[in-house]
file query-v9.txt (compact mmCIF, C-alpha atoms and all ligand atoms)
# COMPACT_ATOMS: atom_id res chain seq x y z
CA MET A 1 192.03 115.69 102.89
CA ALA A 2 189.87 112.77 103.95
CA ASN A 3 189.22 110.29 101.20
CA PHE A 4 185.49 110.47 101.78
CA LYS A 5 183.15 113.10 103.08
CA SER A 6 182.37 113.37 106.75
CA LEU A 7 178.95 112.35 108.00
CA ARG A 8 176.92 115.44 108.92
CA ALA A 9 173.26 115.06 107.88
CA PRO A 10 170.80 112.50 109.31
CA ASP A 11 170.83 110.62 106.01
CA ASP A 12 174.61 110.30 106.08
CA PHE A 13 174.40 108.35 109.34
CA ILE A 14 171.55 106.19 108.05
CA VAL A 15 173.31 105.39 104.76
CA ALA A 16 176.50 104.57 106.68
CA GLY A 17 174.57 102.05 108.79
CA LEU A 18 175.10 104.04 112.01
CA ALA A 19 171.43 104.89 112.60
CA LYS A 20 168.12 103.33 111.70
CA PRO A 21 165.80 105.09 109.23
CA VAL A 22 163.18 105.45 111.99
CA ALA A 23 165.66 107.64 113.88
CA ALA A 24 165.72 110.25 111.09
CA GLY A 25 163.47 112.66 113.00
CA ASP A 26 165.52 112.42 116.20
CA LEU A 27 168.75 112.90 114.28
CA ALA A 28 167.31 115.97 112.56
CA ALA A 29 166.18 117.47 115.87
CA VAL A 30 169.64 117.10 117.42
CA THR A 31 171.40 118.29 114.25
CA ALA A 32 169.26 121.44 114.32
CA ARG A 33 170.51 122.21 117.84
CA TYR A 34 174.18 121.13 117.91
CA ALA A 35 177.05 120.77 115.45
CA VAL A 36 177.36 117.25 114.05
CA ALA A 37 180.24 115.59 112.19
CA MET A 38 181.90 112.19 112.13
CA THR A 39 184.91 111.47 109.94
CA PRO A 40 185.05 108.41 107.66
CA ALA A 41 188.14 107.26 109.58
CA LEU A 42 186.13 106.97 112.81
CA ALA A 43 182.96 105.70 111.11
CA ALA A 44 185.05 102.84 109.71
CA LEU A 45 185.95 101.72 113.24
CA VAL A 46 182.36 101.23 114.40
CA ASP A 47 181.11 97.69 114.97
CA ARG A 48 177.70 97.90 113.25
CA SER A 49 176.50 94.80 115.09
CA ASP A 50 176.94 96.48 118.48
CA PRO A 51 174.07 98.87 119.28
CA ARG A 52 176.21 100.39 122.07
CA ASP A 53 179.45 100.69 120.14
CA PRO A 54 181.75 103.03 122.14
CA ILE A 55 182.89 104.93 119.05
CA ALA A 56 179.40 105.40 117.62
CA LEU A 57 178.19 106.64 121.03
CA GLN A 58 180.70 109.50 120.91
CA PHE A 59 179.66 110.89 117.52
CA VAL A 60 176.20 109.73 116.44
CA PRO A 61 173.58 112.30 117.54
CA ASP A 62 171.30 111.06 120.32
CA ILE A 63 167.87 112.46 121.19
CA ARG A 64 168.90 112.54 124.88
CA GLU A 65 171.09 115.55 124.01
CA LEU A 66 167.93 117.66 123.96
CA ASN A 67 167.41 116.94 127.65
CA VAL A 68 169.15 119.77 129.51
CA THR A 69 169.39 119.36 133.29
CA PRO A 70 169.33 122.30 135.76
CA GLU A 71 173.01 122.07 136.71
CA GLU A 72 174.22 122.19 133.10
CA ARG A 73 175.54 125.45 131.65
CA GLU A 74 176.48 126.93 128.30
CA ASP A 75 180.06 127.75 129.35
CA PRO A 76 180.80 124.96 131.87
CA ILE A 77 184.50 125.75 132.21
CA GLY A 78 184.11 129.54 132.30
CA ASP A 79 186.23 130.48 129.27
CA HIS A 80 184.33 133.74 128.80
CA ALA A 81 185.24 135.03 132.24
CA HIS A 82 188.96 135.08 131.47
CA SER A 83 189.23 136.26 127.87
CA PRO A 84 191.23 139.52 127.62
CA VAL A 85 191.20 139.55 123.79
CA THR A 86 189.32 137.46 121.24
CA GLY A 87 190.86 133.99 120.95
CA ILE A 88 192.83 134.13 124.22
CA VAL A 89 191.85 132.68 127.61
CA HIS A 90 194.27 133.72 130.34
CA ARG A 91 193.27 132.05 133.57
CA HIS A 92 196.58 130.84 134.98
CA ARG A 93 199.44 133.30 135.17
CA ASP A 94 202.11 131.43 133.22
CA ARG A 95 199.99 129.96 130.40
CA VAL A 96 197.25 130.94 127.98
CA LEU A 97 194.79 129.14 125.79
CA PHE A 98 194.94 130.39 122.21
CA LYS A 99 191.88 129.47 120.12
CA PRO A 100 192.46 130.31 116.43
CA VAL A 101 189.50 128.30 115.09
CA SER A 102 186.13 127.12 116.35
CA VAL A 103 185.67 124.16 114.02
CA CYS A 104 186.57 120.51 114.64
CA PRO A 105 187.00 117.47 112.37
CA VAL A 106 184.32 115.71 114.44
CA TYR A 107 181.78 116.97 116.95
CA CYS A 108 181.84 114.92 120.12
CA ARG A 109 178.35 114.56 121.56
CA PHE A 110 179.64 115.43 125.06
CA CYS A 111 181.77 118.42 123.99
CA PHE A 112 182.50 120.81 126.87
CA ARG A 113 182.58 123.75 124.45
CA ARG A 114 179.57 122.67 122.42
CA GLU A 115 177.99 126.13 122.52
CA MET A 116 181.22 127.64 121.15
CA VAL A 117 182.33 125.17 118.49
CA GLY A 118 180.77 124.32 115.16
CA PRO A 119 180.70 125.41 111.53
CA ASP A 120 178.15 128.13 112.36
CA LYS A 121 180.23 129.73 115.13
CA ASP A 122 182.90 132.43 114.77
CA GLY A 123 185.07 130.34 112.43
CA VAL A 124 188.66 131.44 112.06
CA LEU A 125 190.18 134.48 113.79
CA SER A 126 190.52 137.38 111.35
CA VAL A 127 194.00 138.66 110.54
CA SER A 128 193.59 141.55 112.96
CA GLU A 129 192.24 139.29 115.73
CA MET A 130 195.14 136.89 115.16
CA ASN A 131 197.63 139.76 115.39
CA ALA A 132 195.95 141.05 118.54
CA ALA A 133 196.09 137.59 120.16
CA LEU A 134 199.77 137.19 119.27
CA GLY A 135 200.38 140.74 120.48
CA TYR A 136 198.83 139.86 123.84
CA ILE A 137 201.19 136.88 124.19
CA ARG A 138 204.16 139.06 123.16
CA ASP A 139 203.23 141.79 125.64
CA HIS A 140 202.86 139.47 128.65
CA ASP A 141 206.25 138.15 129.57
CA GLU A 142 204.80 135.97 132.32
CA ILE A 143 203.39 133.66 129.59
CA TRP A 144 205.65 130.62 129.57
CA GLU A 145 203.36 128.24 127.65
CA VAL A 146 200.86 128.71 124.82
CA ILE A 147 198.15 126.06 124.52
CA LEU A 148 196.54 125.99 121.07
CA THR A 149 192.99 124.71 121.36
CA GLY A 150 189.61 125.55 119.90
CA GLY A 151 187.84 124.01 118.16
CA ASP A 152 190.67 121.96 116.77
CA PRO A 153 193.69 124.05 115.76
CA LEU A 154 194.90 121.32 113.39
CA MET A 155 191.93 122.19 111.16
CA MET A 156 194.16 125.03 109.93
CA SER A 157 196.25 124.63 106.81
CA PRO A 158 199.91 123.69 107.26
CA ARG A 159 200.80 127.21 106.13
CA ARG A 160 198.77 128.82 108.92
CA ILE A 161 200.05 126.33 111.50
CA ALA A 162 203.62 127.19 110.48
CA GLU A 163 202.83 130.91 110.71
CA ILE A 164 201.68 130.46 114.30
CA THR A 165 204.69 128.28 115.19
CA ASP A 166 206.97 130.95 113.71
CA ALA A 167 205.19 133.86 115.38
CA ILE A 168 205.29 132.20 118.81
CA GLY A 169 208.81 130.95 118.11
CA VAL A 170 210.24 134.46 118.13
CA ILE A 171 208.65 135.37 121.48
CA SER A 172 211.54 134.69 123.84
CA HIS A 173 209.55 134.29 127.08
CA VAL A 174 207.39 131.49 125.63
CA LYS A 175 209.18 128.19 126.11
CA VAL A 176 206.46 125.62 125.39
CA ILE A 177 203.82 125.25 122.66
CA ARG A 178 201.09 122.69 123.25
CA TRP A 179 198.45 121.75 120.64
CA HIS A 180 195.19 120.19 121.84
CA THR A 181 193.64 118.16 119.04
CA ARG A 182 191.36 115.31 118.04
CA MET A 183 193.06 114.96 114.64
CA PRO A 184 195.35 111.95 115.23
CA VAL A 185 192.31 109.73 115.72
CA ALA A 186 189.65 111.74 113.82
CA ASP A 187 191.55 112.15 110.55
CA PRO A 188 195.01 110.66 110.91
CA GLN A 189 195.86 111.08 107.20
CA ARG A 190 195.81 114.78 107.74
CA LEU A 191 198.95 114.61 109.90
CA SER A 192 201.14 114.63 106.83
CA ASP A 193 204.86 115.33 106.89
CA GLU A 194 203.98 118.88 105.88
CA VAL A 195 201.71 119.35 108.91
CA CYS A 196 204.24 117.71 111.26
CA ALA A 197 206.97 119.99 109.90
CA ALA A 198 204.72 123.01 110.47
CA LEU A 199 204.26 121.93 114.11
CA ALA A 200 207.90 121.07 114.70
CA SER A 201 210.01 123.14 117.05
CA ARG A 202 212.01 126.11 115.97
CA HIS A 203 213.87 128.64 118.08
CA GLY A 204 214.33 125.98 120.75
CA LYS A 205 210.71 125.77 121.94
CA ALA A 206 209.42 122.48 123.30
CA VAL A 207 206.37 121.31 121.33
CA TYR A 208 203.72 118.92 122.62
CA VAL A 209 200.60 117.52 120.99
CA ALA A 210 197.89 116.51 123.46
CA ALA A 211 195.50 114.22 121.61
CA HIS A 212 191.90 113.68 122.69
CA VAL A 213 191.26 109.90 122.70
CA ASN A 214 188.58 108.05 124.68
CA HIS A 215 188.65 104.43 123.56
CA ALA A 216 191.43 102.00 122.66
CA ARG A 217 189.80 101.25 119.31
CA GLU A 218 190.28 104.86 118.23
CA LEU A 219 193.99 104.02 118.02
CA SER A 220 193.84 102.50 114.56
CA GLU A 221 196.92 101.62 112.56
CA ALA A 222 196.61 105.00 110.79
CA ALA A 223 196.38 106.83 114.12
CA ARG A 224 199.48 105.05 115.42
CA THR A 225 201.31 106.00 112.24
CA ALA A 226 200.27 109.63 112.73
CA PHE A 227 201.65 109.59 116.28
CA ALA A 228 204.91 108.04 115.07
CA ARG A 229 205.24 110.73 112.42
CA LEU A 230 204.69 113.49 115.01
CA ALA A 231 207.27 111.88 117.30
CA GLY A 232 209.67 111.69 114.35
CA HIS A 233 209.48 115.46 114.16
CA GLY A 234 210.54 115.77 117.78
CA ILE A 235 207.06 116.48 119.12
CA GLY A 236 206.17 115.23 122.61
CA LEU A 237 202.94 113.22 122.77
CA LEU A 238 200.31 113.46 125.49
CA SER A 239 196.66 112.44 125.67
CA GLN A 240 193.48 113.72 127.22
CA SER A 241 190.47 111.50 127.74
CA VAL A 242 186.99 112.14 129.02
CA LEU A 243 185.36 109.67 131.42
CA LEU A 244 182.18 108.69 129.57
CA ALA A 245 179.36 106.35 130.55
CA GLY A 246 179.11 103.50 128.06
CA VAL A 247 182.43 104.38 126.41
CA ASN A 248 185.17 103.89 128.98
CA ASP A 249 183.57 103.75 132.44
CA ASN A 250 184.96 100.38 133.44
CA LEU A 251 188.42 99.21 134.47
CA GLU A 252 188.99 97.07 131.39
CA ALA A 253 188.16 99.85 128.93
CA LEU A 254 190.27 102.40 130.81
CA ALA A 255 193.23 100.06 131.17
CA ASP A 256 193.02 99.09 127.48
CA LEU A 257 192.86 102.75 126.49
CA MET A 258 195.80 103.86 128.60
CA ARG A 259 197.93 100.89 127.56
CA ALA A 260 197.09 101.48 123.89
CA LEU A 261 198.16 105.11 124.27
CA VAL A 262 201.41 104.33 126.04
CA SER A 263 202.27 101.63 123.52
CA ALA A 264 201.66 104.20 120.76
CA GLY A 265 204.23 106.46 122.45
CA VAL A 266 201.63 108.75 124.01
CA LYS A 267 201.76 109.62 127.72
CA PRO A 268 198.24 109.81 129.25
CA TYR A 269 198.02 113.29 130.74
CA TYR A 270 194.47 114.00 131.89
CA LEU A 271 191.32 111.98 132.46
CA HIS A 272 188.58 114.61 132.59
CA HIS A 273 185.39 114.15 134.53
CA THR A 274 182.60 115.03 132.06
CA ASP A 275 181.89 118.76 132.22
CA LEU A 276 178.40 120.14 132.83
CA ALA A 277 177.76 120.98 129.16
CA PRO A 278 174.12 121.06 128.03
CA GLY A 279 172.50 117.77 127.08
CA THR A 280 175.31 115.54 128.28
CA SER A 281 173.87 113.96 131.44
CA HIS A 282 173.62 110.53 129.80
CA PHE A 283 177.43 110.52 129.54
CA ARG A 284 178.14 111.43 133.15
CA VAL A 285 179.17 108.98 135.83
CA SER A 286 179.40 109.93 139.50
CA VAL A 287 182.63 111.35 140.87
CA ALA A 288 182.70 108.46 143.35
CA ARG A 289 182.60 106.01 140.44
CA GLY A 290 185.38 107.94 138.69
CA GLN A 291 187.50 107.86 141.83
CA ALA A 292 186.98 104.13 142.28
CA LEU A 293 187.97 103.54 138.64
CA MET A 294 191.09 105.68 138.99
CA GLN A 295 192.07 103.80 142.11
CA ALA A 296 191.58 100.47 140.35
CA LEU A 297 193.58 101.72 137.39
CA ARG A 298 196.45 102.79 139.63
CA ASP A 299 196.39 99.44 141.36
CA ASN A 300 196.57 97.50 138.10
CA VAL A 301 198.60 99.21 135.40
CA SER A 302 202.03 100.66 134.81
CA GLY A 303 202.56 104.09 136.30
CA LEU A 304 203.05 105.35 132.76
CA CYS A 305 199.40 104.47 132.07
CA VAL A 306 197.97 106.59 134.88
CA PRO A 307 196.65 110.04 133.93
CA THR A 308 195.64 112.73 136.41
CA TYR A 309 191.89 112.65 137.04
CA VAL A 310 190.55 116.21 136.98
CA ILE A 311 187.26 118.08 137.23
CA ASP A 312 186.79 121.61 135.93
CA ILE A 313 185.37 123.80 138.66
CA PRO A 314 182.44 125.65 137.04
CA GLY A 315 182.86 129.39 136.59
CA GLY A 316 186.40 129.23 135.26
CA VAL A 317 188.29 128.76 138.53
CA SER A 318 190.61 125.92 137.54
CA LYS A 319 190.70 122.18 137.38
CA ALA A 320 190.53 120.25 140.62
CA ASN A 321 192.44 117.06 141.23
CA ALA A 322 189.76 114.43 141.68
CA ALA A 323 191.62 111.21 142.45
CA LEU A 324 191.42 109.64 145.89
CA PRO A 325 194.63 110.17 147.84
CA ASP A 326 196.94 107.38 148.96
CA VAL A 327 197.88 109.33 152.05
CA GLN A 328 195.71 109.85 155.14
CA VAL A 329 196.45 111.86 158.22
CA ASP A 330 194.60 111.40 161.51
CA GLU A 331 195.38 111.62 165.25
CA ALA A 332 197.28 108.35 165.07
CA GLY A 333 199.57 109.79 162.39
CA LEU A 334 200.12 109.10 158.75
CA SER A 335 198.97 106.06 156.81
CA LEU A 336 199.62 105.06 153.21
CA ARG A 337 197.49 102.98 150.87
CA GLY A 338 199.36 100.27 148.96
CA ARG A 339 198.40 99.03 145.50
CA ASP A 340 197.12 95.94 147.30
CA GLY A 341 194.40 98.20 148.76
CA ILE A 342 195.69 97.92 152.32
CA TRP A 343 196.35 100.97 154.49
CA ARG A 344 199.52 100.87 156.58
CA ASP A 345 200.78 103.23 159.23
CA TYR A 346 203.81 105.24 158.25
CA ALA A 347 206.21 105.81 161.09
CA VAL A 348 206.91 109.51 160.62
CA ASP A 349 204.87 112.46 159.44
C1 LIG B 401 193.06 123.32 131.44
C2 LIG B 401 193.45 124.72 131.20
C3 LIG B 401 194.77 125.10 131.02
C4 LIG B 401 195.89 124.10 131.02
O1 LIG B 401 196.01 123.58 132.27
P1 LIG B 401 197.10 122.49 132.57
O2 LIG B 401 196.68 122.00 133.89
O3 LIG B 401 198.40 123.21 132.55
O4 LIG B 401 197.05 121.48 131.48
C5 LIG B 401 195.09 126.42 130.83
N1 LIG B 401 194.13 127.36 130.80
C6 LIG B 401 192.84 127.03 130.97
C7 LIG B 401 191.85 128.12 130.92
C8 LIG B 401 192.45 125.71 131.16
O5 LIG B 401 191.15 125.39 131.31
S1 LIG B 402 187.20 117.67 119.48
FE1 LIG B 402 187.12 118.76 121.47
S2 LIG B 402 186.34 120.80 120.99
FE2 LIG B 402 185.91 119.49 119.20
S3 LIG B 402 183.85 118.67 119.52
FE3 LIG B 402 185.26 117.16 120.43
S4 LIG B 402 185.43 117.76 122.61
FE4 LIG B 402 184.57 119.53 121.48
call {"tool": "encode", "arguments": {"input": "query-v9.txt", "output": "structure tokens"}}
result
Amino acid sequence: MANFKSLRAPDDFIVAGLAKPVAAGDLAAVTARYAVAMTPALAALVDRSDPRDPIALQFVPDIRELNVTPEEREDPIGDHAHSPVTGIVHRHRDRVLFKPVSVCPVYCRFCFRREMVGPDKDGVLSVSEMNAALGYIRDHDEIWEVILTGGDPLMMSPRRIAEITDAIGVISHVKVIRWHTRMPVADPQRLSDEVCAALASRHGKAVYVAAHVNHARELSEAARTAFARLAGHGIGLLSQSVLLAGVNDNLEALADLMRALVSAGVKPYYLHHTDLAPGTSHFRVSVARGQALMQALRDNVSGLCVPTYVIDIPGGVSKANAALPDVQVDEAGLSLRGRDGIWRDYAVD
């Protein structure tokens, strides 16, 4: 539904002014290894005069992606270890991930599922796989929440989105449907009234959209309109961001991002430490740096603008809370850190 075609081939990036002709060979080498796509909506937001533009860095292939470090792994968050049927990941008792598609509108260069997403991967679940996945959710009455992810589940047609909403809607033990997506910033036009209506609650379920957004400039006028349209259909809005070197690894960029989200009606939910996906070391910052940034963020912005900083424990264990605590316990008792950075004893424990 985009007005123009997405950038996928090396030449597309060169013609769009996002890469130099001399980089054609590097672009081709990366494109041969990993899925590549950038939507016109995001390409339009790039400042061509800035060689380190934070939006370009997220989508334009980089030769450093071919450098795989020893600690990186194909399945950094361990999805495979917890998949009872195709398309379902059931790691935590009361909620499942449901992955109906493996394609995305864009391919982020730091993607944590980069070995599982792309146009050449499994594509869309077949009808029988879809029925088996829904059957699994129906048969497990401990499942309270279904998290649609992928790939990007909003790549599906409004008809298929509505079919899923309806099928989950009639499962009485499921109370919450959450859609993880890049679409509001990647291709905001696609969040038409028809798509929003397909997502909207029926049978009394709560519906949330958790949008993946990493830089304030991704929140274009069109993206803000898309969020407003979702909210108009009664959908709760959350965000997930990834802490990325060169994109948002400073207090100003993080504060701008979180404020832009909150002022677009979106509650920042998670800030993810970059996962150990192959060829992503140039995006990683240290955990200590991430903790210092989170602390500075907490000290400086509205509580609404503070996400939870998490790291996925490799092997599919769970996420770990990564923020520094404001509470310390030692022999002397309890002390609390104020937003002025000063620790004070607290009289009782
Ligand atoms: C992150 C994740 C979830 C959702 O976790 P929340 O903390 O509830 O957002 C569920 N299942 C898996 C496998 C996950 O990785
Ligand atoms: S939108 Fe998500 S799943 Fe798709 S490429 Fe980006 S990080 Fe990966």
call {"tool": "residues_near_point", "arguments": {"input": "query-v9.txt", "point": "(179.1, 120.2, 111.4)", "cutoff": "7 Å", "atoms": "all atoms listed in the file", "output": "number ranges by chain"}}
result
A: 8, 35-37, 107, 118-119
call {"tool": "residues_around", "arguments": {"input": "query-v9.txt", "residues": "Leu297 (chain A)", "least_positions_apart": "2", "cutoff": "9 Å", "atoms": "all atoms listed in the file", "output": "PyMOL selection string"}}
result
chain A and resi 251-252+254-255+292-295+299-302+305-306
call {"tool": "residues_near_ligand", "arguments": {"input": "query-v9.txt", "ligand": "ligand LIG 401 (chain B)", "cutoff": "10 Å", "atoms": "only C-alpha atoms and all ligand atoms", "output": "ChimeraX atom specification"}}
result
/A:77-83,88-98,145-149,178,180,210,240,269-270,272,308,310-313,316-321
call {"tool": "residues_around", "arguments": {"input": "query-v9.txt", "residues": "Val266 (chain A)", "least_positions_apart": "2", "cutoff": "9 Å", "atoms": "all atoms listed in the file", "output": "mmCIF file with C-alpha atoms, in the frame of the given file"}}
result
data_model
loop_
_atom_site.group_PDB
_atom_site.id
_atom_site.type_symbol
_atom_site.label_atom_id
_atom_site.label_comp_id
_atom_site.auth_asym_id
_atom_site.auth_seq_id
_atom_site.Cartn_x
_atom_site.Cartn_y
_atom_site.Cartn_z
ATOM 1 C CA ALA A 210 197.890 116.510 123.460
ATOM 2 C CA ALA A 211 195.500 114.220 121.610
ATOM 3 C CA PHE A 227 201.650 109.590 116.280
ATOM 4 C CA GLY A 236 206.170 115.230 122.610
ATOM 5 C CA LEU A 237 202.940 113.220 122.770
ATOM 6 C CA LEU A 238 200.310 113.460 125.490
ATOM 7 C CA SER A 239 196.660 112.440 125.670
ATOM 8 C CA MET A 258 195.800 103.860 128.600
ATOM 9 C CA ALA A 260 197.090 101.480 123.890
ATOM 10 C CA LEU A 261 198.160 105.110 124.270
ATOM 11 C CA VAL A 262 201.410 104.330 126.040
ATOM 12 C CA SER A 263 202.270 101.630 123.520
ATOM 13 C CA ALA A 264 201.660 104.200 120.760
ATOM 14 C CA PRO A 268 198.240 109.810 129.250
ATOM 15 C CA TYR A 269 198.020 113.290 130.740
#
call {"tool": "closest_residue", "arguments": {"input": "query-v9.txt", "among": "A:Leu257, A:Val329, A:Ala277, A:Ile161", "to": "Leu219 (chain A)", "atoms": "only C-alpha atoms"}}
result
A:Leu257
call {"tool": "axis_aligned_box", "arguments": {"input": "query-v9.txt", "around": "region 216-225 of chain A", "padding_each_side": "4 Å", "output": "JSON"}}
result
{"center_x": 195.6, "center_y": 104.0, "center_z": 116.7, "size_x": 19.5, "size_y": 13.6, "size_z": 19.9}
call {"tool": "atom_distance", "arguments": {"input": "query-v9.txt", "atom1": "CA of Leu66 (chain A)", "atom2": "CA of Leu27 (chain A)"}}
result
10.8 Å
call {"tool": "closest_residue", "arguments": {"input": "query-v9.txt", "among": "A:Val101, A:Cys108, A:Ala322, A:Ile168", "to": "ligand LIG 402 (chain B)", "atoms": "only C-alpha atoms and all ligand atoms"}}
result
A:Cys108
call {"tool": "build_atoms", "arguments": {"input": "query-v9.txt", "residues": "region 32-40 of chain A", "atoms": "all heavy atoms", "output": "tab-separated table (two decimals), in the coordinates of the input"}}
result
chain	number	residue	atom	x	y	z
A	32	ALA	N	169.72	120.05	114.37
A	32	ALA	CA	169.26	121.44	114.32
A	32	ALA	C	169.78	122.23	115.53
A	32	ALA	O	169.89	123.45	115.49
A	32	ALA	CB	167.74	121.49	114.29
A	33	ARG	N	170.10	121.55	116.60
A	33	ARG	CA	170.51	122.21	117.84
A	33	ARG	C	172.02	122.28	118.02
A	33	ARG	O	172.56	123.28	118.51
A	33	ARG	CB	169.88	121.45	119.02
A	33	ARG	CG	170.27	121.93	120.40
A	33	ARG	CD	169.70	123.32	120.71
A	33	ARG	NE	170.16	123.78	122.01
A	33	ARG	CZ	171.35	124.32	122.25
A	33	ARG	NH1	172.21	124.48	121.27
A	33	ARG	NH2	171.70	124.69	123.47
A	34	TYR	N	172.73	121.21	117.67
A	34	TYR	CA	174.18	121.13	117.91
A	34	TYR	C	174.93	120.75	116.64
A	34	TYR	O	174.38	120.06	115.77
A	34	TYR	CB	174.48	120.07	118.97
A	34	TYR	CG	173.92	120.36	120.34
A	34	TYR	CD1	172.90	119.59	120.88
A	34	TYR	CD2	174.44	121.41	121.10
A	34	TYR	CE1	172.38	119.86	122.14
A	34	TYR	CE2	173.93	121.69	122.36
A	34	TYR	CZ	172.91	120.91	122.88
A	34	TYR	OH	172.41	121.19	124.11
A	35	ALA	N	176.19	121.16	116.58
A	35	ALA	CA	177.05	120.77	115.45
A	35	ALA	C	177.22	119.26	115.43
A	35	ALA	O	177.31	118.61	116.48
A	35	ALA	CB	178.40	121.45	115.57
A	36	VAL	N	177.23	118.69	114.24
A	36	VAL	CA	177.36	117.25	114.05
A	36	VAL	C	178.40	116.98	112.97
A	36	VAL	O	178.35	117.60	111.90
A	36	VAL	CB	176.00	116.64	113.63
A	36	VAL	CG1	176.19	115.18	113.19
A	36	VAL	CG2	174.97	116.73	114.75
A	37	ALA	N	179.34	116.10	113.23
A	37	ALA	CA	180.24	115.59	112.19
A	37	ALA	C	180.95	114.35	112.71
A	37	ALA	O	181.31	114.28	113.89
A	37	ALA	CB	181.28	116.63	111.77
A	38	MET	N	181.11	113.38	111.83
A	38	MET	CA	181.90	112.19	112.13
A	38	MET	C	182.74	111.90	110.90
A	38	MET	O	182.21	111.85	109.79
A	38	MET	CB	180.98	111.01	112.45
A	38	MET	CG	181.73	109.75	112.85
A	38	MET	SD	180.55	108.45	113.31
A	38	MET	CE	181.62	107.30	114.17
A	39	THR	N	184.03	111.72	111.09
A	39	THR	CA	184.91	111.47	109.94
A	39	THR	C	184.77	110.02	109.46
A	39	THR	O	184.46	109.12	110.25
A	39	THR	CB	186.38	111.71	110.31
A	39	THR	OG1	186.65	110.95	111.50
A	39	THR	CG2	186.66	113.18	110.55
A	40	PRO	N	185.05	109.78	108.18
A	40	PRO	CA	185.05	108.41	107.66
A	40	PRO	C	186.03	107.51	108.42
A	40	PRO	O	185.74	106.33	108.65
A	40	PRO	CB	185.49	108.57	106.21
A	40	PRO	CG	185.18	109.99	105.86
A	40	PRO	CD	185.33	110.78	107.12
